[in-house]
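Undergrad: Just dropping this structure here.
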Amino acid sequence: MRRRTALGLLPASLLPLPRVAGAQTAWRPSKPVTLLVPFPPGGATDLCARALQPGLQAALGQNVVVDNRPGATGVIGTRAVAGMPGDGHVLLVNASGTMTIQPVVMQSPGFDPEKDFKPIILAMSAPNVIVVHPSIPATNVAELRAWMARQGDTLSFSSSGIGSSEQLGLELFLLRTGLRAVHVPFAGGAAAITAVIQNTVPMSMVNSGTAAPQITSGQLRMVAVAGPRRLSWAPDVPTMAEQGLPDLTSLSWTGLFAPASTPEPIAEALHDAVAATLRHPEVVERLERIRFVVEGGSRADLGKLISDDLVRWRGVVRDARIAVN
């Protein structure tokens, strides 16, 4: 009766959704569940965890707490979860950069994203996009390539830092097109965006969510979307695939993971609980507000995404001769 009363205090849209027919996931946590975020409060990964928290509490029947453990671009918190017991009471809420780029650009990250974790679910994603200063005579990839070819060795591009998804995505673009440009790293996405707005650097690849205000205001011009679909808030800008570069993908995403020792029934139960929570309208609204797309899918889908990203970024680091830290 106490559980029914407590759940009755929640909005109807945050009540647990019906179980999928045939699902055999009887496991439930016996104590509070921690969503460990390896970044400071306020960033996209942290906002994702906090959006999931209320609905996940209802779905699991236990308190859910968010624990921020920042440091070393997410590596410190990620290492911590890798060494925890797989009893279902700690979930890692992590970003693509930490799971699929840091293992490539760091000599000893201290964790293996495929061996030390079980994928639970892909929560949300936002594609990186190529942007230019409005004075650049390019509104699509073909025009950008023609303009870049005329610049010779004087061209540069900004990113949020060495080894960032933005740098690797633009390096992939250069490799696929045979063009050249010098990388100018900045301390974070905001600084990289400001450099293009001020035209100290003419172009960049940036996270679409981070740069959305500057794009919609006209301070930046978006040329192409490095994702599987066009952006709902900029439907006129085609994807890379639509512009002749079908294998050029650069996504920022957030997923949930459990330690590798987690038994399959627990991993499945956690997947079902988070998947149901991701369907709540309040969760969708909160994540779309920060310009991310709510995802979902199976555990195998997230595992394949990680594997594909690792192969892609290892190739870029090798072929672009990016210095490994």
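All residue names refer to the structure tokens as shown: chains lettered A, B, ... in order, residues numbered from 1 in each chain, ligands numbered from 1 in order.
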List every residue of range 29-192 of chain A that DSSP, applied to the backbone of this structure, assigns to helix (DSSP H, G or I), and report them as number ranges by chain.
TA: A: 44-60, 72-82, 96-105, 141-150, 152-154, 165-177, 189-192
Undergrad: So which residues touch Ala59 in chain A within 7 Å, counting only C-alpha atoms, skipping near sequence neighbours fewer than 2 positions away, as a PyMOL selection string?
TA: chain A and resi 16+55-57+61+273
Undergrad: Pick the closest to Leu302 in chain A from A:Leu256, A:Met205, A:Ala49, A:Ala241: which is it, counting only C-alpha atoms?
TA: A:Leu256
Undergrad: Can you tell me, as an mmCIF file with N, CA and C atoms, in the first residue's frame, what residues are no more than 9 Å from range 319-322 of chain A when counting only C-alpha atoms, ignoring any on the same chain fewer than 3 positions away?
TA:
```cif
data_model
loop_
_atom_site.group_PDB
_atom_site.id
_atom_site.type_symbol
_atom_site.label_atom_id
_atom_site.label_comp_id
_atom_site.auth_asym_id
_atom_site.auth_seq_id
_atom_site.Cartn_x
_atom_site.Cartn_y
_atom_site.Cartn_z
ATOM 1 N N VAL A 105 42.678 8.291 -28.258
ATOM 2 C CA VAL A 105 43.694 9.345 -28.223
ATOM 3 C C VAL A 105 44.561 9.297 -26.966
ATOM 4 N N ILE A 162 42.066 19.369 -28.753
ATOM 5 C CA ILE A 162 42.761 18.266 -29.422
ATOM 6 C C ILE A 162 42.120 16.945 -29.013
ATOM 7 N N GLY A 163 41.796 16.135 -30.007
ATOM 8 C CA GLY A 163 41.178 14.847 -29.735
ATOM 9 C C GLY A 163 39.682 14.914 -29.497
ATOM 10 N N LEU A 168 38.037 15.483 -34.717
ATOM 11 C CA LEU A 168 38.100 14.241 -35.475
ATOM 12 C C LEU A 168 37.075 14.223 -36.608
ATOM 13 N N GLU A 171 38.522 16.424 -39.332
ATOM 14 C CA GLU A 171 39.650 15.708 -39.947
ATOM 15 C C GLU A 171 39.137 14.605 -40.875
ATOM 16 N N LEU A 172 38.054 13.945 -40.488
ATOM 17 C CA LEU A 172 37.455 12.930 -41.346
ATOM 18 C C LEU A 172 36.950 13.559 -42.651
ATOM 19 N N LEU A 174 38.193 16.223 -44.085
ATOM 20 C CA LEU A 174 39.375 16.522 -44.890
ATOM 21 C C LEU A 174 39.919 15.267 -45.559
ATOM 22 N N LEU A 175 39.939 14.156 -44.828
ATOM 23 C CA LEU A 175 40.431 12.904 -45.403
ATOM 24 C C LEU A 175 39.552 12.437 -46.555
ATOM 25 N N ARG A 314 39.747 5.451 -34.649
ATOM 26 C CA ARG A 314 41.113 4.923 -34.746
ATOM 27 C C ARG A 314 41.687 5.192 -36.132
ATOM 28 N N GLY A 315 40.854 5.018 -37.152
ATOM 29 C CA GLY A 315 41.309 5.277 -38.510
ATOM 30 C C GLY A 315 41.646 6.736 -38.736
ATOM 31 N N VAL A 316 40.843 7.640 -38.191
ATOM 32 C CA VAL A 316 41.094 9.073 -38.360
ATOM 33 C C VAL A 316 42.383 9.468 -37.639
#
```
Undergrad: Go through A:Met148, A:Leu47, A:Leu92, A:Asn128 and flag the residue nearest Ala211 in chain A, using only C-alpha atoms for the distances.
TA: A:Asn128
Undergrad: Running DSSP on the backbone, which parts of range 143-260 of chain A land in strand (DSSP E or B), as a PyMOL selection string?
TA: chain A and resi 156-159+182-185+203-207+221-225+231+234+239+251-259
Undergrad: Please, could you write that set of residues out with N, CA and C atoms as a PDB file, in the first residue's frame?
TA:
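The resulting again-v7.pdb:
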```pdb
ATOM      1  N   SER A 156      42.329  27.382 -41.996  1.00  0.00           N
ATOM      2  CA  SER A 156      42.357  26.790 -40.655  1.00  0.00           C
ATOM      3  C   SER A 156      40.933  26.508 -40.200  1.00  0.00           C
ATOM      4  N   PHE A 157      40.817  25.662 -39.174  1.00  0.00           N
ATOM      5  CA  PHE A 157      39.512  25.382 -38.577  1.00  0.00           C
ATOM      6  C   PHE A 157      39.667  25.261 -37.074  1.00  0.00           C
ATOM      7  N   SER A 158      38.602  25.578 -36.366  1.00  0.00           N
ATOM      8  CA  SER A 158      38.635  25.522 -34.903  1.00  0.00           C
ATOM      9  C   SER A 158      37.937  24.271 -34.406  1.00  0.00           C
ATOM     10  N   SER A 159      38.244  23.912 -33.156  1.00  0.00           N
ATOM     11  CA  SER A 159      37.526  22.829 -32.475  1.00  0.00           C
ATOM     12  C   SER A 159      37.574  23.095 -30.986  1.00  0.00           C
ATOM     13  N   VAL A 182      44.540  23.662 -41.289  1.00  0.00           N
ATOM     14  CA  VAL A 182      45.287  23.576 -40.033  1.00  0.00           C
ATOM     15  C   VAL A 182      44.311  23.618 -38.862  1.00  0.00           C
ATOM     16  N   HIS A 183      44.487  22.704 -37.942  1.00  0.00           N
ATOM     17  CA  HIS A 183      43.623  22.643 -36.763  1.00  0.00           C
ATOM     18  C   HIS A 183      44.057  23.676 -35.728  1.00  0.00           C
ATOM     19  N   VAL A 184      43.095  24.466 -35.253  1.00  0.00           N
ATOM     20  CA  VAL A 184      43.338  25.431 -34.185  1.00  0.00           C
ATOM     21  C   VAL A 184      42.464  25.043 -32.997  1.00  0.00           C
ATOM     22  N   PRO A 185      43.030  24.396 -31.982  1.00  0.00           N
ATOM     23  CA  PRO A 185      42.218  23.959 -30.844  1.00  0.00           C
ATOM     24  C   PRO A 185      41.939  25.095 -29.866  1.00  0.00           C
ATOM     25  N   MET A 203      36.040  28.515 -40.176  1.00  0.00           N
ATOM     26  CA  MET A 203      35.125  27.379 -40.172  1.00  0.00           C
ATOM     27  C   MET A 203      35.399  26.467 -38.990  1.00  0.00           C
ATOM     28  N   SER A 204      34.441  25.586 -38.720  1.00  0.00           N
ATOM     29  CA  SER A 204      34.588  24.652 -37.614  1.00  0.00           C
ATOM     30  C   SER A 204      33.589  23.532 -37.783  1.00  0.00           C
ATOM     31  N   MET A 205      33.813  22.448 -37.062  1.00  0.00           N
ATOM     32  CA  MET A 205      32.770  21.456 -36.831  1.00  0.00           C
ATOM     33  C   MET A 205      32.420  21.565 -35.353  1.00  0.00           C
ATOM     34  N   VAL A 206      31.129  21.731 -35.062  1.00  0.00           N
ATOM     35  CA  VAL A 206      30.684  21.979 -33.700  1.00  0.00           C
ATOM     36  C   VAL A 206      29.492  21.096 -33.383  1.00  0.00           C
ATOM     37  N   ASN A 207      29.222  20.936 -32.107  1.00  0.00           N
ATOM     38  CA  ASN A 207      28.026  20.216 -31.692  1.00  0.00           C
ATOM     39  C   ASN A 207      26.804  21.050 -32.037  1.00  0.00           C
ATOM     40  N   ARG A 221      26.782  30.134 -40.226  1.00  0.00           N
ATOM     41  CA  ARG A 221      26.016  29.465 -41.279  1.00  0.00           C
ATOM     42  C   ARG A 221      26.343  27.971 -41.236  1.00  0.00           C
ATOM     43  N   MET A 222      25.309  27.155 -41.122  1.00  0.00           N
ATOM     44  CA  MET A 222      25.491  25.709 -41.114  1.00  0.00           C
ATOM     45  C   MET A 222      25.463  25.189 -42.546  1.00  0.00           C
ATOM     46  N   VAL A 223      26.480  24.368 -42.875  1.00  0.00           N
ATOM     47  CA  VAL A 223      26.654  23.883 -44.244  1.00  0.00           C
ATOM     48  C   VAL A 223      26.216  22.434 -44.400  1.00  0.00           C
ATOM     49  N   ALA A 224      26.425  21.619 -43.364  1.00  0.00           N
ATOM     50  CA  ALA A 224      26.100  20.195 -43.472  1.00  0.00           C
ATOM     51  C   ALA A 224      25.950  19.590 -42.084  1.00  0.00           C
ATOM     52  N   VAL A 225      25.113  18.558 -42.004  1.00  0.00           N
ATOM     53  CA  VAL A 225      24.851  17.830 -40.769  1.00  0.00           C
ATOM     54  C   VAL A 225      25.561  16.478 -40.847  1.00  0.00           C
ATOM     55  N   LEU A 231      18.194  18.109 -39.022  1.00  0.00           N
ATOM     56  CA  LEU A 231      17.781  18.631 -37.724  1.00  0.00           C
ATOM     57  C   LEU A 231      16.365  19.199 -37.818  1.00  0.00           C
ATOM     58  N   ALA A 234      16.358  22.899 -38.178  1.00  0.00           N
ATOM     59  CA  ALA A 234      17.019  23.446 -39.372  1.00  0.00           C
ATOM     60  C   ALA A 234      16.803  22.472 -40.526  1.00  0.00           C
ATOM     61  N   THR A 239      22.096  16.528 -44.838  1.00  0.00           N
ATOM     62  CA  THR A 239      23.134  15.746 -44.176  1.00  0.00           C
ATOM     63  C   THR A 239      24.342  15.585 -45.103  1.00  0.00           C
ATOM     64  N   LEU A 251      28.797  12.026 -34.394  1.00  0.00           N
ATOM     65  CA  LEU A 251      27.699  12.234 -33.454  1.00  0.00           C
ATOM     66  C   LEU A 251      28.218  12.442 -32.042  1.00  0.00           C
ATOM     67  N   SER A 252      27.578  13.344 -31.321  1.00  0.00           N
ATOM     68  CA  SER A 252      27.749  13.411 -29.867  1.00  0.00           C
ATOM     69  C   SER A 252      26.554  12.696 -29.264  1.00  0.00           C
ATOM     70  N   TRP A 253      26.803  11.711 -28.420  1.00  0.00           N
ATOM     71  CA  TRP A 253      25.698  10.959 -27.847  1.00  0.00           C
ATOM     72  C   TRP A 253      25.945  10.667 -26.381  1.00  0.00           C
ATOM     73  N   THR A 254      24.873  10.322 -25.696  1.00  0.00           N
ATOM     74  CA  THR A 254      24.940   9.926 -24.287  1.00  0.00           C
ATOM     75  C   THR A 254      24.273   8.576 -24.138  1.00  0.00           C
ATOM     76  N   GLY A 255      24.952   7.665 -23.467  1.00  0.00           N
ATOM     77  CA  GLY A 255      24.408   6.328 -23.231  1.00  0.00           C
ATOM     78  C   GLY A 255      24.555   5.926 -21.788  1.00  0.00           C
ATOM     79  N   LEU A 256      23.850   4.844 -21.412  1.00  0.00           N
ATOM     80  CA  LEU A 256      23.929   4.307 -20.064  1.00  0.00           C
ATOM     81  C   LEU A 256      24.604   2.945 -20.111  1.00  0.00           C
ATOM     82  N   PHE A 257      25.462   2.704 -19.104  1.00  0.00           N
ATOM     83  CA  PHE A 257      26.285   1.502 -19.068  1.00  0.00           C
ATOM     84  C   PHE A 257      26.321   0.927 -17.658  1.00  0.00           C
ATOM     85  N   ALA A 258      26.522  -0.396 -17.575  1.00  0.00           N
ATOM     86  CA  ALA A 258      26.711  -1.084 -16.302  1.00  0.00           C
ATOM     87  C   ALA A 258      28.071  -1.772 -16.322  1.00  0.00           C
ATOM     88  N   PRO A 259      28.648  -2.060 -15.153  1.00  0.00           N
ATOM     89  CA  PRO A 259      29.903  -2.817 -15.148  1.00  0.00           C
ATOM     90  C   PRO A 259      29.751  -4.148 -15.881  1.00  0.00           C
TER      91      PRO A 259
END
```
Undergrad: Find, counting only C-alpha atoms, the residue in A:Ala26, A:Ile76, A:Thr100, A:Val93 that gets nearest to Ser307 in chain A.
TA: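 For Ser307 in chain A, the nearest of the given residues is A:Thr100.
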Undergrad: Write out as number ranges by chain each polymer residue whose atoms come within 12 Å of Glu143 in chain A, counting only C-alpha atoms; drop sequence neighbours fewer than 6 positions from it.
TA: A: 132, 136-137, 149-150, 223-224, 243
Undergrad: Mind writing the picked residues with N, CA, C and O atoms as a PDB file, in the first residue's frame?
TA:
```
ATOM      1  N   VAL A 132      30.366  27.837 -40.909  1.00  0.00           N
ATOM      2  CA  VAL A 132      31.319  28.804 -41.438  1.00  0.00           C
ATOM      3  C   VAL A 132      30.869  30.202 -41.035  1.00  0.00           C
ATOM      4  O   VAL A 132      29.710  30.426 -40.670  1.00  0.00           O
ATOM      5  N   ILE A 136      31.747  33.641 -45.690  1.00  0.00           N
ATOM      6  CA  ILE A 136      32.301  32.600 -46.553  1.00  0.00           C
ATOM      7  C   ILE A 136      31.267  32.249 -47.627  1.00  0.00           C
ATOM      8  O   ILE A 136      30.108  31.979 -47.308  1.00  0.00           O
ATOM      9  N   PRO A 137      31.644  32.235 -48.898  1.00  0.00           N
ATOM     10  CA  PRO A 137      30.682  31.981 -49.980  1.00  0.00           C
ATOM     11  C   PRO A 137      30.373  30.490 -50.132  1.00  0.00           C
ATOM     12  O   PRO A 137      30.683  29.874 -51.168  1.00  0.00           O
ATOM     13  N   ALA A 149      39.314  24.720 -51.660  1.00  0.00           N
ATOM     14  CA  ALA A 149      40.364  24.395 -52.635  1.00  0.00           C
ATOM     15  C   ALA A 149      41.098  25.644 -53.102  1.00  0.00           C
ATOM     16  O   ALA A 149      42.283  25.573 -53.470  1.00  0.00           O
ATOM     17  N   ARG A 150      40.422  26.781 -53.069  1.00  0.00           N
ATOM     18  CA  ARG A 150      41.058  28.030 -53.523  1.00  0.00           C
ATOM     19  C   ARG A 150      41.944  28.669 -52.450  1.00  0.00           C
ATOM     20  O   ARG A 150      42.693  29.604 -52.749  1.00  0.00           O
ATOM     21  N   VAL A 223      26.480  24.368 -42.875  1.00  0.00           N
ATOM     22  CA  VAL A 223      26.654  23.883 -44.244  1.00  0.00           C
ATOM     23  C   VAL A 223      26.216  22.434 -44.400  1.00  0.00           C
ATOM     24  O   VAL A 223      25.701  22.046 -45.451  1.00  0.00           O
ATOM     25  N   ALA A 224      26.425  21.619 -43.364  1.00  0.00           N
ATOM     26  CA  ALA A 224      26.100  20.195 -43.472  1.00  0.00           C
ATOM     27  C   ALA A 224      25.950  19.590 -42.084  1.00  0.00           C
ATOM     28  O   ALA A 224      26.577  20.034 -41.119  1.00  0.00           O
ATOM     29  N   GLN A 243      24.721  14.960 -49.371  1.00  0.00           N
ATOM     30  CA  GLN A 243      25.606  15.810 -50.170  1.00  0.00           C
ATOM     31  C   GLN A 243      26.823  15.037 -50.684  1.00  0.00           C
ATOM     32  O   GLN A 243      27.854  15.620 -51.000  1.00  0.00           O
TER      33      GLN A 243
END
```
Undergrad: Set out as JSON lines a contact list for range 203-238 of chain A and range 285-291 of chain A with a cut-off of 8 Å, giving each residue of range 203-238 of chain A that qualifies its closest atom pair and distance in Å to one decimal, counting only C-alpha atoms, ordered by chain and rising residue number.
TA:
```
{"residue": "A:Ser208", "atom": "CA", "partner": "A:Arg291", "partner_atom": "CA", "distance": 7.4}
{"residue": "A:Gly209", "atom": "CA", "partner": "A:Arg291", "partner_atom": "CA", "distance": 4.7}
{"residue": "A:Ala212", "atom": "CA", "partner": "A:Arg291", "partner_atom": "CA", "distance": 7.6}
```
Undergrad: Could you check how far CA of Val37 in chain A sits from CA of Thr78 in chain A, in Å to one decimal?
TA: 8.4 Å
Undergrad: If we count only C-alpha atoms and set the cut-off at 7 Å, which residues sit around Gln219 in chain A, ignoring sequence neighbours fewer than 2 positions away in its own chain? Please answer as a PyMOL selection string.
TA: chain A and resi 134+197+214-215+217+221
Undergrad: To one decimal place, how far is CA of Val75 in chain A from CA of Pro38 in chain A in Å?
TA: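 Spanning CA of Val75 in chain A to CA of Pro38 in chain A is a straight-line distance of 7.1 Å.
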Undergrad: Closest to Lys31 in chain A among A:Val90, A:Leu310, A:Ala80, A:Cys48, using only C-alpha atoms?
TA: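 Ranking A:Val90, A:Leu310, A:Ala80, A:Cys48 by distance to Lys31 in chain A, first place goes to A:Val90.
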Undergrad: Hey, can you check how far CA of Leu170 in chain A sits from CA of Val317 in chain A?
TA: 11.7 Å
Undergrad: Restricting the calculation to only C-alpha atoms: of A:Ala195, A:Ser232, A:Ala260, A:Gln107, which residue gets closest to Ala323 in chain A?
TA: A:Gln107
Undergrad: For Pro228 in chain A, which residue among A:Ile306, A:Ala126, A:Val294, A:Ile266 is the nearest when counting only C-alpha atoms?
TA: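 Checking each of A:Ile306, A:Ala126, A:Val294, A:Ile266 against Pro228 in chain A, counting only C-alpha atoms, the winner is A:Ala126.
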